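K.L.:
This is query_0.cif (mmCIF, C-alpha atoms).
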data_query
#
loop_
_atom_site.group_PDB
_atom_site.id
_atom_site.type_symbol
_atom_site.label_atom_id
_atom_site.label_comp_id
_atom_site.auth_asym_id
_atom_site.auth_seq_id
_atom_site.Cartn_x
_atom_site.Cartn_y
_atom_site.Cartn_z
ATOM 1 C CA MET A 1277 -123.223 50.231 -15.170
ATOM 2 C CA ASP A 1278 -123.292 46.771 -16.773
ATOM 3 C CA TRP A 1279 -122.800 44.464 -13.765
ATOM 4 C CA GLN A 1280 -122.567 41.411 -16.069
ATOM 5 C CA ALA A 1281 -119.572 42.736 -18.026
ATOM 6 C CA THR A 1282 -116.068 41.490 -17.280
ATOM 7 C CA ARG A 1283 -113.032 43.711 -16.797
ATOM 8 C CA ARG A 1284 -109.604 43.168 -18.322
ATOM 9 C CA GLY A 1285 -107.901 40.146 -16.737
ATOM 10 C CA GLU A 1286 -111.008 38.634 -15.151
ATOM 11 C CA THR A 1287 -111.599 34.922 -15.747
ATOM 12 C CA ILE A 1288 -114.850 32.972 -15.892
ATOM 13 C CA ALA A 1289 -115.720 29.442 -14.709
ATOM 14 C CA ALA A 1290 -118.167 27.074 -16.354
ATOM 15 C CA LEU A 1291 -120.914 26.566 -13.777
ATOM 16 C CA PRO A 1292 -121.805 22.976 -12.819
ATOM 17 C CA ASP A 1293 -125.099 21.438 -13.892
ATOM 18 C CA ARG A 1294 -125.790 19.936 -10.451
ATOM 19 C CA GLN A 1295 -127.350 21.614 -7.459
ATOM 20 C CA ASP A 1296 -126.023 20.548 -4.069
ATOM 21 C CA ALA A 1297 -128.343 22.290 -1.639
ATOM 22 C CA HIS A 1298 -131.862 23.536 -1.160
ATOM 23 C CA LEU A 1299 -132.264 26.979 0.385
ATOM 24 C CA VAL A 1300 -135.457 28.528 1.704
ATOM 25 C CA PHE A 1301 -135.932 32.265 1.485
ATOM 26 C CA ILE A 1302 -137.578 33.415 4.719
ATOM 27 C CA GLY A 1303 -138.423 36.960 3.665
ATOM 28 C CA ARG A 1304 -137.255 40.057 1.795
ATOM 29 C CA LEU A 1305 -135.081 43.034 2.610
ATOM 30 C CA ARG A 1306 -136.599 46.438 1.979
ATOM 31 C CA THR A 1307 -134.056 49.186 1.371
ATOM 32 C CA PRO A 1308 -134.060 52.597 -0.348
ATOM 33 C CA PHE A 1309 -131.665 51.224 -3.003
ATOM 34 C CA ALA A 1310 -133.399 50.486 -6.326
ATOM 35 C CA SER A 1311 -130.233 49.316 -8.139
ATOM 36 C CA ARG A 1312 -126.728 48.026 -7.387
ATOM 37 C CA ASP A 1313 -125.334 51.394 -8.441
ATOM 38 C CA GLN A 1314 -127.208 53.043 -5.554
ATOM 39 C CA CYS A 1315 -126.022 50.578 -2.879
ATOM 40 C CA PRO A 1316 -123.256 51.688 -0.528
ATOM 41 C CA ARG A 1317 -120.029 49.674 -0.531
ATOM 42 C CA ARG A 1318 -120.757 48.619 3.011
ATOM 43 C CA GLY A 1319 -123.793 49.288 5.196
ATOM 44 C CA ASP A 1320 -123.513 51.599 8.193
ATOM 45 C CA PRO A 1321 -125.270 50.135 11.259
ATOM 46 C CA GLU A 1322 -124.982 53.412 13.173
ATOM 47 C CA SER A 1323 -126.138 56.070 10.710
ATOM 48 C CA GLY A 1324 -127.272 54.221 7.585
ATOM 49 C CA PRO A 1325 -130.882 54.506 6.430
ATOM 50 C CA ILE A 1326 -133.564 52.604 8.322
ATOM 51 C CA CYS A 1327 -134.492 49.491 6.354
ATOM 52 C CA HIS A 1328 -137.088 46.788 6.890
ATOM 53 C CA VAL A 1329 -136.560 43.059 7.162
ATOM 54 C CA GLU A 1330 -139.850 41.495 6.069
ATOM 55 C CA VAL A 1331 -140.192 37.959 7.422
ATOM 56 C CA ASP A 1332 -142.673 35.570 5.809
ATOM 57 C CA ALA A 1333 -145.600 34.699 8.118
ATOM 58 C CA THR A 1334 -144.485 31.062 8.477
ATOM 59 C CA TRP A 1335 -141.335 32.276 10.250
ATOM 60 C CA TRP A 1336 -142.860 34.906 12.567
ATOM 61 C CA PRO A 1337 -142.656 32.629 15.660
ATOM 62 C CA ALA A 1338 -138.883 32.376 15.043
ATOM 63 C CA LEU A 1339 -138.593 36.096 15.868
ATOM 64 C CA ALA A 1340 -139.478 35.504 19.553
ATOM 65 C CA GLY A 1341 -136.767 37.053 21.718
ATOM 66 C CA VAL A 1342 -134.974 38.865 18.897
ATOM 67 C CA GLU A 1343 -135.814 42.216 20.500
ATOM 68 C CA ALA A 1344 -133.127 41.494 23.132
ATOM 69 C CA CYS A 1345 -130.416 41.664 20.454
ATOM 70 C CA ALA A 1346 -128.783 45.009 19.747
ATOM 71 C CA TYR A 1347 -127.090 43.736 16.579
ATOM 72 C CA LEU A 1348 -128.082 41.004 14.144
ATOM 73 C CA ASP A 1349 -126.256 39.233 11.355
ATOM 74 C CA LEU A 1350 -128.430 38.946 8.261
ATOM 75 C CA LEU A 1351 -127.595 36.390 5.584
ATOM 76 C CA TYR A 1352 -129.127 37.104 2.224
ATOM 77 C CA TRP A 1353 -129.012 35.950 -1.389
ATOM 78 C CA MET A 1354 -127.565 38.455 -3.852
ATOM 79 C CA ASN A 1355 -129.908 37.382 -6.641
ATOM 80 C CA LEU A 1356 -128.621 39.962 -9.134
ATOM 81 C CA ALA A 1357 -124.974 38.878 -8.941
ATOM 82 C CA ARG A 1358 -123.047 36.840 -11.498
ATOM 83 C CA ARG A 1359 -121.790 33.504 -10.238
ATOM 84 C CA ASP A 1360 -119.037 32.577 -12.674
ATOM 85 C CA LEU A 1361 -115.980 34.770 -12.049
ATOM 86 C CA LEU A 1362 -112.807 33.090 -10.783
ATOM 87 C CA THR A 1363 -110.729 36.273 -10.763
ATOM 88 C CA GLN A 1364 -111.945 39.819 -10.523
ATOM 89 C CA SER A 1365 -110.613 43.309 -11.005
ATOM 90 C CA PRO A 1366 -112.124 45.588 -8.361
ATOM 91 C CA LYS A 1367 -112.807 48.985 -9.872
ATOM 92 C CA SER A 1368 -111.226 50.656 -6.854
ATOM 93 C CA SER A 1369 -107.778 49.089 -7.449
ATOM 94 C CA GLY A 1370 -107.627 47.606 -10.938
ATOM 95 C CA GLN A 1371 -105.649 44.703 -9.432
ATOM 96 C CA ILE A 1372 -106.578 41.102 -10.388
ATOM 97 C CA LEU A 1373 -107.552 39.004 -7.357
ATOM 98 C CA GLY A 1374 -109.275 35.682 -6.781
ATOM 99 C CA THR A 1375 -112.973 35.844 -5.968
ATOM 100 C CA PHE A 1376 -112.384 34.337 -2.517
ATOM 101 C CA ALA A 1377 -109.980 37.175 -1.642
ATOM 102 C CA LEU A 1378 -112.738 39.758 -2.156
ATOM 103 C CA ARG A 1379 -116.039 40.762 -0.558
ATOM 104 C CA SER A 1380 -117.533 41.208 -4.017
ATOM 105 C CA PRO A 1381 -121.143 40.085 -4.535
ATOM 106 C CA VAL A 1382 -119.914 38.078 -7.537
ATOM 107 C CA ARG A 1383 -119.223 34.562 -6.223
ATOM 108 C CA PRO A 1384 -120.276 30.948 -6.857
ATOM 109 C CA ASN A 1385 -122.897 31.162 -4.097
ATOM 110 C CA PRO A 1386 -123.868 34.826 -3.767
ATOM 111 C CA ILE A 1387 -124.523 34.776 -0.031
ATOM 112 C CA ALA A 1388 -123.990 38.065 1.762
ATOM 113 C CA LEU A 1389 -123.604 38.849 5.442
ATOM 114 C CA SER A 1390 -124.457 42.215 6.945
ATOM 115 C CA ARG A 1391 -124.203 43.158 10.589
ATOM 116 C CA VAL A 1392 -127.154 45.439 11.301
ATOM 117 C CA ARG A 1393 -128.338 47.369 14.335
ATOM 118 C CA LEU A 1394 -131.843 46.463 15.440
ATOM 119 C CA ILE A 1395 -133.982 49.594 15.732
ATOM 120 C CA GLY A 1396 -137.340 47.962 16.392
ATOM 121 C CA VAL A 1397 -139.570 44.918 16.013
ATOM 122 C CA GLU A 1398 -142.995 44.980 14.373
ATOM 123 C CA GLU A 1399 -145.353 42.132 13.553
ATOM 124 C CA GLY A 1400 -143.424 40.062 11.033
ATOM 125 C CA ALA A 1401 -140.747 42.680 10.419
ATOM 126 C CA LEU A 1402 -137.632 44.234 11.859
ATOM 127 C CA ARG A 1403 -136.425 47.819 11.489
ATOM 128 C CA VAL A 1404 -132.644 47.902 11.110
ATOM 129 C CA ARG A 1405 -129.709 50.082 10.052
ATOM 130 C CA GLY A 1406 -126.719 48.774 8.116
ATOM 131 C CA LEU A 1407 -127.992 47.117 4.949
ATOM 132 C CA ASP A 1408 -126.208 47.601 1.625
ATOM 133 C CA CYS A 1409 -128.376 45.604 -0.801
ATOM 134 C CA VAL A 1410 -130.976 46.222 -3.486
ATOM 135 C CA ASP A 1411 -134.606 46.546 -2.380
ATOM 136 C CA GLY A 1412 -136.375 43.168 -2.470
ATOM 137 C CA THR A 1413 -133.252 41.044 -1.900
ATOM 138 C CA PRO A 1414 -134.205 37.561 -0.616
ATOM 139 C CA LEU A 1415 -133.463 36.865 3.070
ATOM 140 C CA LEU A 1416 -131.838 33.547 4.054
ATOM 141 C CA ASP A 1417 -131.352 33.793 7.822
ATOM 142 C CA ILE A 1418 -131.246 36.038 10.889
ATOM 143 C CA LYS A 1419 -128.741 35.408 13.681
ATOM 144 C CA PRO A 1420 -127.959 37.382 16.814
ATOM 145 C CA ASN A 1421 -124.503 38.918 16.725
ATOM 146 C CA ARG A 1422 -124.106 37.787 20.321
ATOM 147 C CA CYS A 1423 -126.370 35.103 21.694
ATOM 148 C CA PRO A 1424 -127.976 36.260 24.986
ATOM 149 C CA GLN A 1425 -128.351 32.587 26.000
ATOM 150 C CA ALA A 1426 -124.572 32.075 25.905
ATOM 151 C CA GLY A 1427 -124.257 33.149 29.535
ATOM 152 C CA ALA A 1428 -120.688 33.739 30.633
ATOM 153 C CA GLY A 1429 -119.202 31.986 27.589
ATOM 154 C CA THR A 1430 -117.597 33.821 24.729
ATOM 155 C CA GLU A 1431 -119.432 34.556 21.505
ATOM 156 C CA HIS A 1432 -117.299 31.841 19.876
ATOM 157 C CA ASP A 1433 -118.198 28.981 22.199
ATOM 158 C CA HIS A 1434 -121.857 29.935 22.755
ATOM 159 C CA GLY A 1435 -121.524 29.039 26.429
ATOM 160 C CA ARG A 1436 -120.221 25.485 25.903
ATOM 161 C CA THR A 1437 -117.484 24.259 28.203
#
In structure tokens, how does this file's structure come out?
P.N.:
Amino acid sequence: MDWQATRRGETIAALPDRQDAHLVFIGRLRTPFASRDQCPRRGDPESGPICHVEVDATWWPALAGVEACAYLDLLYWMNLARRDLLTQSPKSSGQILGTFALRSPVRPNPIALSRVRLIGVEEGALRVRGLDCVDGTPLLDIKPNRCPQAGAGTEHDHGRT
């Protein structure tokens, strides 16, 4: 499939020349999916394939305590996605919708979020279930789904009163 092609009714934006932020990739996601065509629509944290989250050595100390988390939220950069569509026509519906009304990988800043189940921790890597991205996708951040340090607070207030 040509992932750069537009469908009938889709509109394109001219991308700005400026860059507003600096992101640091902290690792790579290793999945069995060699292309976007092979990726599931949404990852399955319960029975999806076991994948590896490779964390660059600089960031290994940041993994301390992550083993206490049953589920993690992974933020990653969908480096193969277009960034210029304003409206899109999902192939499942054929309807024209704005990019911000969809979970499509095509967006101005192709940042994805996947909730994964932590299977195990190895030196510099995590074994997880629930990813839906191409092998080698750059990793932006790892966050616990629920912060164990929040105490009696809700997941929304992180224990603040």
K.L.:
Take the PyMOL selection byres ((chain A and resi 1359-1371) around 12), apply it to the structure above, and return the hits as a VMD selection string.
P.N.:
chain A and resid 1277 1279 to 1292 1317 1353 to 1358 1372 to 1387
K.L.:
Go ahead and compute the interatomic distance for atom CA of A:Pro1325 and atom CA of A:Arg1405, in Å to one decimal.
P.N.:
5.8 Å
K.L.:
Which one is closest to A:Asp1417: A:Ser1323, A:Ser1311, A:Gln1295, A:Ser1390? Count only C-alpha atoms.
P.N.:
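Using only C-alpha atoms, A:Asp1417 sits closest to A:Ser1390.
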K.L.:
Which residue is closest to A:Thr1413? Choose from A:Leu1299, A:Arg1312, A:Gly1324, A:Tyr1352 and count all atoms listed in the file.
P.N.:
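Checking each of A:Leu1299, A:Arg1312, A:Gly1324, A:Tyr1352 against A:Thr1413, counting all atoms listed in the file, the winner is A:Tyr1352.
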K.L.:
Go through A:Pro1420, A:Pro1308, A:Gly1400, A:Pro1414 and flag the residue nearest A:Pro1337, using all atoms listed in the file for the distances.
P.N.:
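That would be A:Gly1400, the residue with the smallest distance to A:Pro1337.
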K.L.:
Please write as a PyMOL selection string the full residue list that the PyMOL selection byres ((chain A and resi 1392) around 8) yields on this file.
P.N.:
chain A and resi 1319-1321+1347-1350+1390-1391+1393-1394+1404-1407
K.L.:
Quick one: pull the distance between atom CA of A:Ile1326 and atom CA of A:Ala1344, Å, one decimal.
P.N.:
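Value for the atom CA of A:Ile1326-atom CA of A:Ala1344 distance: 18.5 Å.
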K.L.:
Work out how far apart atom CA of A:Ala1401 and atom CA of A:Leu1351 are and give it in Å to one decimal.
P.N.:
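For atom CA of A:Ala1401 relative to atom CA of A:Leu1351, the distance reads 15.4 Å.
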K.L.:
For A:Gly1341, which residue among A:Leu1416, A:Val1397, A:Ala1388, A:Cys1409 is the nearest when counting only C-alpha atoms?
P.N.:
A:Val1397
K.L.:
Once the PyMOL selection byres ((chain A and resi 1338) around 12) has been applied to the shown file, what residues remain in the selection, as a PyMOL selection string?
P.N.:
chain A and resi 1302+1331-1337+1339-1343+1399-1401+1417-1419
K.L.:
Ranking A:Arg1422, A:Arg1403, A:Arg1318, A:His1298 by minimum distance to A:Glu1330 and counting all atoms listed in the file, which one comes first?
P.N.:
A:Arg1403
K.L.:
Output as lines of an AutoDock Vina configuration file the centre and edge lengths (Å, one decimal) of the box along x, y and z of the file that holds every listed atom of stretch 1337-1347 of chain A after adding 3 Å on each side.
P.N.:
center_x = -134.9
center_y = 38.7
center_z = 19.1
size_x = 21.6
size_y = 18.6
size_z = 14.1
